[in-house]
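> Structure file structure-v5.pdb, PDB, C-alpha atoms and all ligand atoms, is pasted below:
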ATOM      1  CA  MET A  24      33.465  80.781  12.536
ATOM      2  CA  PHE A  25      35.105  79.159   9.575
ATOM      3  CA  GLU A  26      38.468  77.515   9.941
ATOM      4  CA  GLU A  27      40.309  78.219   6.753
ATOM      5  CA  ALA A  28      43.077  80.799   6.801
ATOM      6  CA  GLN A  29      42.409  82.083   3.318
ATOM      7  CA  TYR A  30      38.800  82.799   4.200
ATOM      8  CA  PHE A  31      39.730  85.469   6.724
ATOM      9  CA  ALA A  32      41.198  88.825   5.873
ATOM     10  CA  PRO A  33      44.613  88.922   7.570
ATOM     11  CA  VAL A  34      44.810  91.138  10.641
ATOM     12  CA  ALA A  35      48.079  92.906  11.410
ATOM     13  CA  ALA A  36      48.892  94.679  14.661
ATOM     14  CA  GLN A  37      51.039  97.771  14.062
ATOM     15  CA  ALA A  38      53.928  98.970  16.201
ATOM     16  CA  ASP A  39      51.814 101.905  17.443
ATOM     17  CA  GLY A  40      49.133  99.549  18.770
ATOM     18  CA  SER A  41      46.689 100.103  15.923
ATOM     19  CA  VAL A  42      45.275  97.184  13.939
ATOM     20  CA  VAL A  43      44.935  96.879  10.166
ATOM     21  CA  VAL A  44      42.645  94.398   8.395
ATOM     22  CA  GLU A  45      44.005  93.596   4.962
ATOM     23  CA  LEU A  46      40.965  93.250   2.692
ATOM     24  CA  SER A  47      41.565  91.724  -0.713
ATOM     25  CA  ALA A  48      40.871  93.765  -3.847
ATOM     26  CA  SER A  49      37.782  91.640  -4.547
ATOM     27  CA  HIS A  50      36.213  92.384  -1.144
ATOM     28  CA  PRO A  51      33.032  94.512  -1.449
ATOM     29  CA  GLY A  52      34.431  96.981   1.073
ATOM     30  CA  PHE A  53      37.915  97.243  -0.438
ATOM     31  CA  ALA A  54      37.438 100.697  -1.970
ATOM     32  CA  ASP A  55      35.377 102.113   0.906
ATOM     33  CA  PRO A  56      37.683 103.961   3.337
ATOM     34  CA  VAL A  57      34.914 104.364   5.914
ATOM     35  CA  TYR A  58      34.249 100.618   5.971
ATOM     36  CA  ARG A  59      37.947  99.837   6.170
ATOM     37  CA  ALA A  60      38.344 102.131   9.148
ATOM     38  CA  ARG A  61      35.400 100.374  10.800
ATOM     39  CA  ARG A  62      36.983  96.993  10.192
ATOM     40  CA  ASN A  63      40.270  98.143  11.686
ATOM     41  CA  ALA A  64      38.563  99.562  14.761
ATOM     42  CA  ILE A  65      36.428  96.450  15.353
ATOM     43  CA  ALA A  66      39.379  94.088  14.860
ATOM     44  CA  GLY A  67      41.291  96.197  17.383
ATOM     45  CA  LEU A  68      38.657  95.410  20.017
ATOM     46  CA  ALA A  69      39.378  91.689  19.763
ATOM     47  CA  VAL A  70      43.144  92.051  19.460
ATOM     48  CA  ASN A  71      43.231  94.093  22.658
ATOM     49  CA  TYR A  72      40.684  91.931  24.510
ATOM     50  CA  GLN A  73      41.793  90.578  27.859
ATOM     51  CA  PRO A  74      40.317  87.176  28.772
ATOM     52  CA  GLY A  75      38.085  87.300  31.808
ATOM     53  CA  THR A  76      36.925  90.850  31.148
ATOM     54  CA  PRO A  77      33.590  91.786  29.532
ATOM     55  CA  ILE A  78      33.586  91.610  25.729
ATOM     56  CA  PRO A  79      34.364  95.078  24.320
ATOM     57  CA  ILE A  80      31.385  96.966  22.914
ATOM     58  CA  ALA A  81      31.407  97.473  19.149
ATOM     59  CA  GLU A  82      29.620 100.767  18.486
ATOM     60  CA  TYR A  83      27.728  99.874  15.330
ATOM     61  CA  THR A  84      26.429 102.498  12.921
ATOM     62  CA  GLU A  85      22.785 102.815  11.848
ATOM     63  CA  GLN A  86      23.796 101.516   8.423
ATOM     64  CA  GLU A  87      25.299  98.407  10.026
ATOM     65  CA  HIS A  88      22.192  97.790  12.115
ATOM     66  CA  GLU A  89      20.106  98.078   8.944
ATOM     67  CA  VAL A  90      22.145  95.342   7.286
ATOM     68  CA  TRP A  91      21.460  93.086  10.271
ATOM     69  CA  ALA A  92      17.725  93.884  10.216
ATOM     70  CA  THR A  93      17.440  93.224   6.476
ATOM     71  CA  VAL A  94      19.286  89.919   6.597
ATOM     72  CA  THR A  95      17.521  88.765   9.784
ATOM     73  CA  ARG A  96      14.128  89.386   8.189
ATOM     74  CA  GLU A  97      14.918  87.585   4.952
ATOM     75  CA  LEU A  98      16.745  84.658   6.539
ATOM     76  CA  GLY A  99      13.900  84.227   9.025
ATOM     77  CA  ILE A 100      11.508  83.598   6.146
ATOM     78  CA  LYS A 101      13.856  80.992   4.718
ATOM     79  CA  HIS A 102      14.522  79.339   8.072
ATOM     80  CA  ALA A 103      10.815  78.639   8.503
ATOM     81  CA  LYS A 104      11.029  76.533   5.361
ATOM     82  CA  TYR A 105      14.536  75.101   5.451
ATOM     83  CA  ALA A 106      15.831  74.907   9.043
ATOM     84  CA  THR A 107      15.520  71.859  11.309
ATOM     85  CA  ALA A 108      13.083  71.836  14.224
ATOM     86  CA  GLU A 109      16.006  71.928  16.694
ATOM     87  CA  TYR A 110      17.498  75.025  15.091
ATOM     88  CA  LEU A 111      14.099  76.744  15.098
ATOM     89  CA  ASP A 112      13.687  75.727  18.743
ATOM     90  CA  GLY A 113      17.050  77.357  19.480
ATOM     91  CA  THR A 114      16.011  80.500  17.605
ATOM     92  CA  ALA A 115      12.795  80.781  19.609
ATOM     93  CA  ARG A 116      14.561  80.172  22.918
ATOM     94  CA  LEU A 117      17.404  82.618  22.242
ATOM     95  CA  GLY A 118      15.270  85.546  21.078
ATOM     96  CA  LEU A 119      17.958  87.542  19.271
ATOM     97  CA  PRO A 120      17.124  91.170  18.486
ATOM     98  CA  GLN A 121      15.680  91.561  15.004
ATOM     99  CA  GLU A 122      16.348  95.218  14.289
ATOM    100  CA  ARG A 123      19.872  95.752  15.583
ATOM    101  CA  ILE A 124      23.126  93.865  15.902
ATOM    102  CA  PRO A 125      23.449  92.432  19.397
ATOM    103  CA  GLN A 126      26.716  92.861  21.243
ATOM    104  CA  LEU A 127      28.556  89.570  21.800
ATOM    105  CA  GLU A 128      28.200  90.134  25.551
ATOM    106  CA  GLU A 129      24.441  90.280  25.054
ATOM    107  CA  VAL A 130      24.519  87.088  22.980
ATOM    108  CA  SER A 131      26.398  85.425  25.845
ATOM    109  CA  GLN A 132      23.834  86.602  28.370
ATOM    110  CA  LEU A 133      20.991  85.185  26.288
ATOM    111  CA  LEU A 134      22.813  81.918  25.551
ATOM    112  CA  GLU A 135      24.428  81.041  28.862
ATOM    113  CA  PRO A 136      21.192  80.295  30.773
ATOM    114  CA  LEU A 137      20.107  77.986  27.936
ATOM    115  CA  THR A 138      23.176  75.832  27.281
ATOM    116  CA  GLY A 139      26.081  77.411  29.167
ATOM    117  CA  PHE A 140      27.781  78.796  26.054
ATOM    118  CA  ARG A 141      29.431  82.217  25.984
ATOM    119  CA  TYR A 142      30.995  84.147  23.120
ATOM    120  CA  LEU A 143      34.581  85.356  22.809
ATOM    121  CA  PRO A 144      35.692  88.100  20.379
ATOM    122  CA  ALA A 145      37.938  87.127  17.443
ATOM    123  CA  ALA A 146      39.623  89.579  15.069
ATOM    124  CA  GLY A 147      39.909  86.966  12.345
ATOM    125  CA  LEU A 148      41.309  83.490  12.101
ATOM    126  CA  VAL A 149      41.714  81.663  15.407
ATOM    127  CA  PRO A 150      44.136  78.697  15.355
ATOM    128  CA  LEU A 151      42.232  75.414  14.980
ATOM    129  CA  ARG A 152      43.271  73.933  18.297
ATOM    130  CA  GLU A 153      42.258  77.012  20.216
ATOM    131  CA  PHE A 154      39.018  77.567  18.320
ATOM    132  CA  TYR A 155      37.846  73.990  18.814
ATOM    133  CA  GLY A 156      39.478  73.400  22.185
ATOM    134  CA  VAL A 157      37.503  76.071  24.014
ATOM    135  CA  LEU A 158      34.218  74.659  22.725
ATOM    136  CA  ALA A 159      34.787  72.068  25.462
ATOM    137  CA  ASP A 160      34.539  74.935  27.970
ATOM    138  CA  GLY A 161      31.378  76.310  26.384
ATOM    139  CA  LEU A 162      33.205  79.162  24.663
ATOM    140  CA  PHE A 163      32.731  80.219  21.053
ATOM    141  CA  HIS A 164      35.096  82.539  19.186
ATOM    142  CA  SER A 165      33.225  85.044  17.046
ATOM    143  CA  THR A 166      34.045  87.909  14.734
ATOM    144  CA  GLN A 167      32.244  91.194  15.456
ATOM    145  CA  TYR A 168      32.325  93.006  12.109
ATOM    146  CA  ILE A 169      29.431  92.974   9.655
ATOM    147  CA  ARG A 170      29.532  92.609   5.875
ATOM    148  CA  HIS A 171      29.590  95.615   3.537
ATOM    149  CA  HIS A 172      26.217  97.370   3.219
ATOM    150  CA  SER A 173      26.336  97.387  -0.606
ATOM    151  CA  VAL A 174      25.751  93.605  -0.711
ATOM    152  CA  PRO A 175      23.762  92.656   2.398
ATOM    153  CA  PHE A 176      23.206  89.087   1.215
ATOM    154  CA  TYR A 177      26.843  88.331   0.468
ATOM    155  CA  THR A 178      29.996  88.080   2.514
ATOM    156  CA  PRO A 179      33.331  86.568   1.532
ATOM    157  CA  GLU A 180      34.155  86.028   5.216
ATOM    158  CA  PRO A 181      32.359  84.817   8.343
ATOM    159  CA  ASP A 182      30.870  88.004   9.826
ATOM    160  CA  VAL A 183      28.723  88.595  12.896
ATOM    161  CA  ILE A 184      25.633  87.476  10.951
ATOM    162  CA  HIS A 185      27.201  84.079  10.327
ATOM    163  CA  GLU A 186      28.576  83.784  13.854
ATOM    164  CA  VAL A 187      25.416  84.793  15.676
ATOM    165  CA  ILE A 188      22.470  83.941  13.409
ATOM    166  CA  GLY A 189      24.160  80.779  12.155
ATOM    167  CA  HIS A 190      25.859  79.528  15.304
ATOM    168  CA  ALA A 191      24.169  81.084  18.348
ATOM    169  CA  ASN A 192      20.708  79.910  17.322
ATOM    170  CA  ALA A 193      22.135  76.389  17.008
ATOM    171  CA  LEU A 194      24.056  76.713  20.281
ATOM    172  CA  ALA A 195      20.779  77.603  21.997
ATOM    173  CA  ASN A 196      19.548  74.064  21.366
ATOM    174  CA  PRO A 197      20.882  71.702  24.069
ATOM    175  CA  ARG A 198      21.437  68.743  21.747
ATOM    176  CA  TYR A 199      23.425  70.767  19.223
ATOM    177  CA  ALA A 200      25.331  72.536  22.010
ATOM    178  CA  ALA A 201      26.333  69.137  23.410
ATOM    179  CA  LEU A 202      27.744  68.201  20.006
ATOM    180  CA  TYR A 203      29.817  71.401  19.870
ATOM    181  CA  ARG A 204      31.216  70.565  23.306
ATOM    182  CA  LEU A 205      32.131  67.050  22.212
ATOM    183  CA  ALA A 206      34.004  68.476  19.212
ATOM    184  CA  GLY A 207      35.951  70.637  21.641
ATOM    185  CA  GLN A 208      36.815  67.689  23.865
ATOM    186  CA  ALA A 209      38.018  65.773  20.802
ATOM    187  CA  ALA A 210      40.250  68.699  19.769
ATOM    188  CA  ARG A 211      41.811  68.687  23.239
ATOM    189  CA  ARG A 212      42.315  64.904  23.146
ATOM    190  CA  VAL A 213      44.054  64.450  19.820
ATOM    191  CA  GLU A 214      47.734  65.283  19.564
ATOM    192  CA  GLY A 215      48.593  65.267  15.861
ATOM    193  CA  GLU A 216      47.739  68.025  13.431
ATOM    194  CA  GLU A 217      46.312  65.499  10.967
ATOM    195  CA  ALA A 218      43.870  64.192  13.535
ATOM    196  CA  LEU A 219      42.876  67.742  14.443
ATOM    197  CA  GLU A 220      42.277  68.574  10.814
ATOM    198  CA  PHE A 221      40.208  65.415  10.362
ATOM    199  CA  LEU A 222      37.877  66.218  13.236
ATOM    200  CA  SER A 223      37.611  69.841  12.088
ATOM    201  CA  LYS A 224      36.464  68.618   8.690
ATOM    202  CA  VAL A 225      33.836  66.455  10.366
ATOM    203  CA  PHE A 226      32.721  69.640  12.136
ATOM    204  CA  TRP A 227      32.672  71.477   8.806
ATOM    205  CA  PHE A 228      30.378  68.899   7.205
ATOM    206  CA  THR A 229      28.065  68.796  10.227
ATOM    207  CA  MET A 230      27.808  71.897  12.402
ATOM    208  CA  GLU A 231      28.758  74.203   9.493
ATOM    209  CA  PHE A 232      27.172  72.481   6.491
ATOM    210  CA  GLY A 233      25.092  69.639   7.882
ATOM    211  CA  VAL A 234      21.676  68.678   6.547
ATOM    212  CA  MET A 235      19.104  66.409   8.113
ATOM    213  CA  GLN A 236      16.095  64.430   6.992
ATOM    214  CA  GLU A 237      12.902  65.595   8.655
ATOM    215  CA  ALA A 238       9.702  63.781   7.681
ATOM    216  CA  ASN A 239       9.810  63.902   3.879
ATOM    217  CA  GLU A 240      11.953  67.002   3.601
ATOM    218  CA  LEU A 241      15.646  67.763   3.745
ATOM    219  CA  LYS A 242      16.410  70.502   6.281
ATOM    220  CA  ALA A 243      19.623  72.287   7.256
ATOM    221  CA  TYR A 244      21.190  72.677  10.684
ATOM    222  CA  GLY A 245      24.672  73.819   9.620
ATOM    223  CA  ALA A 246      25.487  77.442  10.446
ATOM    224  CA  GLY A 247      27.160  77.986   7.084
ATOM    225  CA  ILE A 248      24.013  77.113   5.169
ATOM    226  CA  LEU A 249      21.595  78.818   7.551
ATOM    227  CA  SER A 250      23.462  82.141   7.448
ATOM    228  CA  SER A 251      23.823  82.177   3.665
ATOM    229  CA  TYR A 252      20.948  83.753   1.764
ATOM    230  CA  GLY A 253      21.994  82.071  -1.484
ATOM    231  CA  GLU A 254      23.170  78.704  -0.233
ATOM    232  CA  ILE A 255      20.001  78.044   1.744
ATOM    233  CA  GLU A 256      18.029  77.980  -1.506
ATOM    234  CA  GLU A 257      20.483  75.598  -3.145
ATOM    235  CA  PHE A 258      21.366  72.901  -0.642
ATOM    236  CA  ARG A 259      18.575  70.508  -1.578
ATOM    237  CA  GLY A 260      19.999  70.277  -5.074
ATOM    238  CA  MET A 261      23.514  69.367  -3.969
ATOM    239  CA  ASP A 262      25.176  65.935  -3.940
ATOM    240  CA  ILE A 263      23.650  64.566  -0.715
ATOM    241  CA  ARG A 264      25.446  61.607   0.866
ATOM    242  CA  PRO A 265      24.868  59.538   3.996
ATOM    243  CA  LEU A 266      26.836  60.394   7.149
ATOM    244  CA  ASP A 267      30.274  58.836   6.735
ATOM    245  CA  LEU A 268      33.110  59.750   9.080
ATOM    246  CA  SER A 269      35.916  58.627   6.774
ATOM    247  CA  ALA A 270      34.466  60.598   3.890
ATOM    248  CA  MET A 271      33.693  63.736   5.891
ATOM    249  CA  GLY A 272      37.105  63.809   7.541
ATOM    250  CA  THR A 273      38.989  63.496   4.272
ATOM    251  CA  THR A 274      36.815  65.284   1.702
ATOM    252  CA  HIS A 275      38.364  68.453   0.408
ATOM    253  CA  TYR A 276      36.142  71.500   0.477
ATOM    254  CA  ASP A 277      36.387  74.763  -1.354
ATOM    255  CA  ILE A 278      35.265  77.613   0.850
ATOM    256  CA  THR A 279      35.013  80.047  -2.048
ATOM    257  CA  LYS A 280      32.099  78.187  -3.655
ATOM    258  CA  TYR A 281      28.809  76.742  -2.541
ATOM    259  CA  GLN A 282      29.325  73.437  -0.793
ATOM    260  CA  ASP A 283      28.414  70.887  -3.464
ATOM    261  CA  VAL A 284      28.817  67.687  -1.398
ATOM    262  CA  LEU A 285      26.706  67.535   1.759
ATOM    263  CA  PHE A 286      26.197  64.784   4.336
ATOM    264  CA  ARG A 287      22.735  63.928   5.607
ATOM    265  CA  ALA A 288      21.870  62.768   9.105
ATOM    266  CA  GLU A 289      18.595  60.844   9.279
ATOM    267  CA  THR A 290      17.696  62.230  12.724
ATOM    268  CA  VAL A 291      19.376  64.136  15.558
ATOM    269  CA  GLN A 292      19.869  60.793  17.272
ATOM    270  CA  HIS A 293      21.659  59.518  14.187
ATOM    271  CA  LEU A 294      23.938  62.576  14.248
ATOM    272  CA  GLU A 295      24.633  62.003  17.937
ATOM    273  CA  ASP A 296      25.276  58.296  17.448
ATOM    274  CA  VAL A 297      27.694  58.713  14.558
ATOM    275  CA  VAL A 298      29.342  62.104  14.968
ATOM    276  CA  GLY A 299      28.787  62.689  18.693
ATOM    277  CA  ASP A 300      30.198  59.274  19.566
ATOM    278  CA  PHE A 301      33.126  59.866  17.219
ATOM    279  CA  TRP A 302      34.068  63.138  18.935
ATOM    280  CA  ASP A 303      33.446  61.553  22.318
ATOM    281  CA  THR A 304      35.869  58.671  21.771
ATOM    282  CA  CYS A 305      38.272  59.499  18.934
ATOM    283  CA  ASP A 306      42.021  59.655  19.331
ATOM    284  CA  ASP A 307      44.967  59.828  16.935
ATOM    285  CA  ASP A 308      44.921  56.066  16.337
ATOM    286  CA  SER A 309      41.203  55.742  15.661
ATOM    287  CA  ILE A 310      41.370  58.696  13.277
ATOM    288  CA  ALA A 311      44.353  57.171  11.446
ATOM    289  CA  LYS A 312      42.217  54.051  10.914
ATOM    290  CA  LEU A 313      39.366  56.155   9.518
ATOM    291  CA  VAL A 314      41.779  57.862   7.119
ATOM    292  CA  ALA A 315      43.185  54.494   6.048
ATOM    293  CA  ALA A 316      39.663  53.156   5.485
ATOM    294  CA  ARG A 317      39.095  55.934   2.982
ATOM    295  CA  VAL A 318      42.178  55.326   0.857
TER
HETATM  296 FE    FE B 401      31.141  79.069  11.368
END
Produce structure tokens that represent the structure in this file.
Ligand SMILES: [Fe+2]

Amino acid sequence: MFEEAQYFAPVAAQADGSVVVELSASHPGFADPVYRARRNAIAGLAVNYQPGTPIPIAEYTEQEHEVWATVTRELGIKHAKYATAEYLDGTARLGLPQERIPQLEEVSQLLEPLTGFRYLPAAGLVPLREFYGVLADGLFHSTQYIRHHSVPFYTPEPDVIHEVIGHANALANPRYAALYRLAGQAARRVEGEEALEFLSKVFWFTMEFGVMQEANELKAYGAGILSSYGEIEEFRGMDIRPLDLSAMGTTHYDITKYQDVLFRAETVQHLEDVVGDFWDTCDDDSIAKLVAARV
């Protein structure tokens, strides 16, 4: 999922136990009462979820499954050209359904034997410390709703296509999964909110929007790029910079636009050496030094 509050539609629990998702007027589903009812019902599943129990089943409609099938087919074509070998390895190992939206419980059952990761349902924004912290336990918070059918290649929020096609395929690769876990351990280790925000930005510029050199081509491994039909065609033309912890942890990003500054790892080993080691060892003091080095 994405971390920024403004990216998620707010979710409000009502006194009668029902749940309302407050879509903005610019959301493609804003004027569609059927879609809004679906969003409320699906958000209610996560709000009422009890940890330790099976993930509630979201009963998707045929129209929703069709959106998944369309986007899966088109992104698959682009992944063959633009995704890293490790991401494609994860995709092959995971074997997500192509024609229908998988339940998060099913995603967990496919993923757990590969890297130990399981999914948790999220209605919307999950607080940073909780979202990152449970990565250390091999748990990944995920929304369950899907984008509006009128614009299958666009979503203003992280939907199940982003969470599962973007993240689960990456989490199925052991080296990427290990990096997610290290980010979680770092989030548990740091105490200050500034340090937490810094390491979450490093996550943003790597596991969400990271790119990697592969032979003579630039490939993507970040879930945000790999789940975005438009962005995946654009990333090679962006401002590509070398991996730099101080820069990544302090660079502002605008979630409402394509990411125009991206950071390139030379290899997976390079990513592990720079970013993995950072998450493995960072604390509030070392992060304060990285922030100071930037100013
Ligand atoms: Fe994400």
> Around ligand FE 401 (chain B), which protein and nucleic acid residues have at least one atom no more than 10 Å from it, if we count all atoms listed in the file? List them as a list in words.
Met24, Phe25, Glu26, Phe163, His164, Ser165, Thr166, Glu180, Pro181, Asp182, Val183, His185, Glu186, Val187, Gly189, His190, Phe226, Trp227, Met230, Glu231, Phe232, Gly245, Ala246, Gly247, Ile248 and Ser250 of chain A
> List the residues matched by the PyMOL selection byres (((chain A and resi 197) around 10) and not hetatm) in the displayed structure as a list of chain:residue names, ordered by chain and then by residue number.
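Going through the file, the PyMOL selection byres (((chain A and resi 197) around 10) and not hetatm) ends up selecting A:Glu109, A:Asp112, A:Gly113, A:Leu137, A:Thr138, A:Gly139, A:Ala193, A:Leu194, A:Ala195, A:Asn196, A:Arg198, A:Tyr199, A:Ala200, A:Ala201, A:Leu202, A:Tyr203.
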> Taking the file above as input, evaluate the PyMOL selection byres (((chain A and resi 94) around 9) and not hetatm) and report the hits as a VMD selection string.
chain A and resid 89 to 93 95 to 99 175 to 176 184 250 252
> Name the residues captured by the PyMOL selection byres (((chain A and resi 81) around 8) and not hetatm) when it is applied to the shown file; answer as a list in words.
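This file gives the following for the PyMOL selection byres (((chain A and resi 81) around 8) and not hetatm): Ile65, Leu68, Pro79, Ile80, Glu82, Tyr83, Gln126 and Gln167 of chain A.
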> Any chance you could export the current selection's C-alpha atoms as a PDB file, in the coordinates of the input?

ATOM      1  CA  ILE A  65      36.428  96.450  15.353  1.00  0.00           C
ATOM      2  CA  LEU A  68      38.657  95.410  20.017  1.00  0.00           C
ATOM      3  CA  PRO A  79      34.364  95.078  24.320  1.00  0.00           C
ATOM      4  CA  ILE A  80      31.385  96.966  22.914  1.00  0.00           C
ATOM      5  CA  GLU A  82      29.620 100.767  18.486  1.00  0.00           C
ATOM      6  CA  TYR A  83      27.728  99.874  15.330  1.00  0.00           C
ATOM      7  CA  GLN A 126      26.716  92.861  21.243  1.00  0.00           C
ATOM      8  CA  GLN A 167      32.244  91.194  15.456  1.00  0.00           C
TER       9      GLN A 167
END
> Can you list, as a list in words, every protein, DNA or RNA residue that comes within 12 Å of Thr76 (chain A) when you count all atoms listed in the file, leaving out same-chain residues fewer than 6 positions away?
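In the requested form, the answer reads Ala69, Glu128, Leu143 and Pro144 of chain A.
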> Distance CA of Leu268 (chain A)-CA of Phe301 (chain A), one decimal place?
8.1 Å
> What does the structure give for the distance between CA of Lys224 (chain A) and CA of Ala270 (chain A), in Å to one decimal?
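The value is 9.6 Å.
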> A:Ile188, A:Ala316, A:Ala146, A:Ala238: which is nearest Thr290 (chain A), counting only C-alpha atoms?
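Among A:Ile188, A:Ala316, A:Ala146, A:Ala238, it is A:Ala238 that comes nearest to Thr290 (chain A).
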> If you count only C-alpha atoms, which residues fall within 8 Å of Arg212 (chain A), apart from same-chain ones fewer than 2 positions away, as number ranges by chain?
A: 208-210, 214, 305-306
> Give me the residues near Ala32 (chain A) as a ChimeraX atom specification, where near means some atom within 7 Å (using only C-alpha atoms) and where sequence neighbours in that chain fewer than 5 positions away do not count.
/A:44-46,147
> So which residues touch His50 (chain A) within 9 Å, counting all atoms listed in the file, skipping near sequence neighbours fewer than 4 positions away, as a PDB file with C-alpha atoms, in the coordinates of the input?

ATOM      1  CA  LEU A  46      40.965  93.250   2.692  1.00  0.00           C
ATOM      2  CA  ALA A  54      37.438 100.697  -1.970  1.00  0.00           C
ATOM      3  CA  HIS A 171      29.590  95.615   3.537  1.00  0.00           C
ATOM      4  CA  THR A 178      29.996  88.080   2.514  1.00  0.00           C
ATOM      5  CA  PRO A 179      33.331  86.568   1.532  1.00  0.00           C
TER       6      PRO A 179
END
> Looking at all atoms listed in the file, which of A:Ala288, A:Val34, A:Val225, A:Met261 is the one that sits closest to Val149 (chain A)?
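Closest residue, counting all atoms listed in the file: A:Val34.
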> Give the padded box for region 118-126 of chain A as lines of an AutoDock Vina configuration file: axis-aligned, covering all atoms listed in the file, 6 Å on each side, centre and edge lengths in Å to one decimal.

center_x = 21.0
center_y = 90.6
center_z = 17.8
size_x = 23.4
size_y = 22.2
size_z = 19.0
> What's the separation between CA of Gln73 (chain A) and CA of Glu135 (chain A), in Å to one decimal place?
19.8 Å
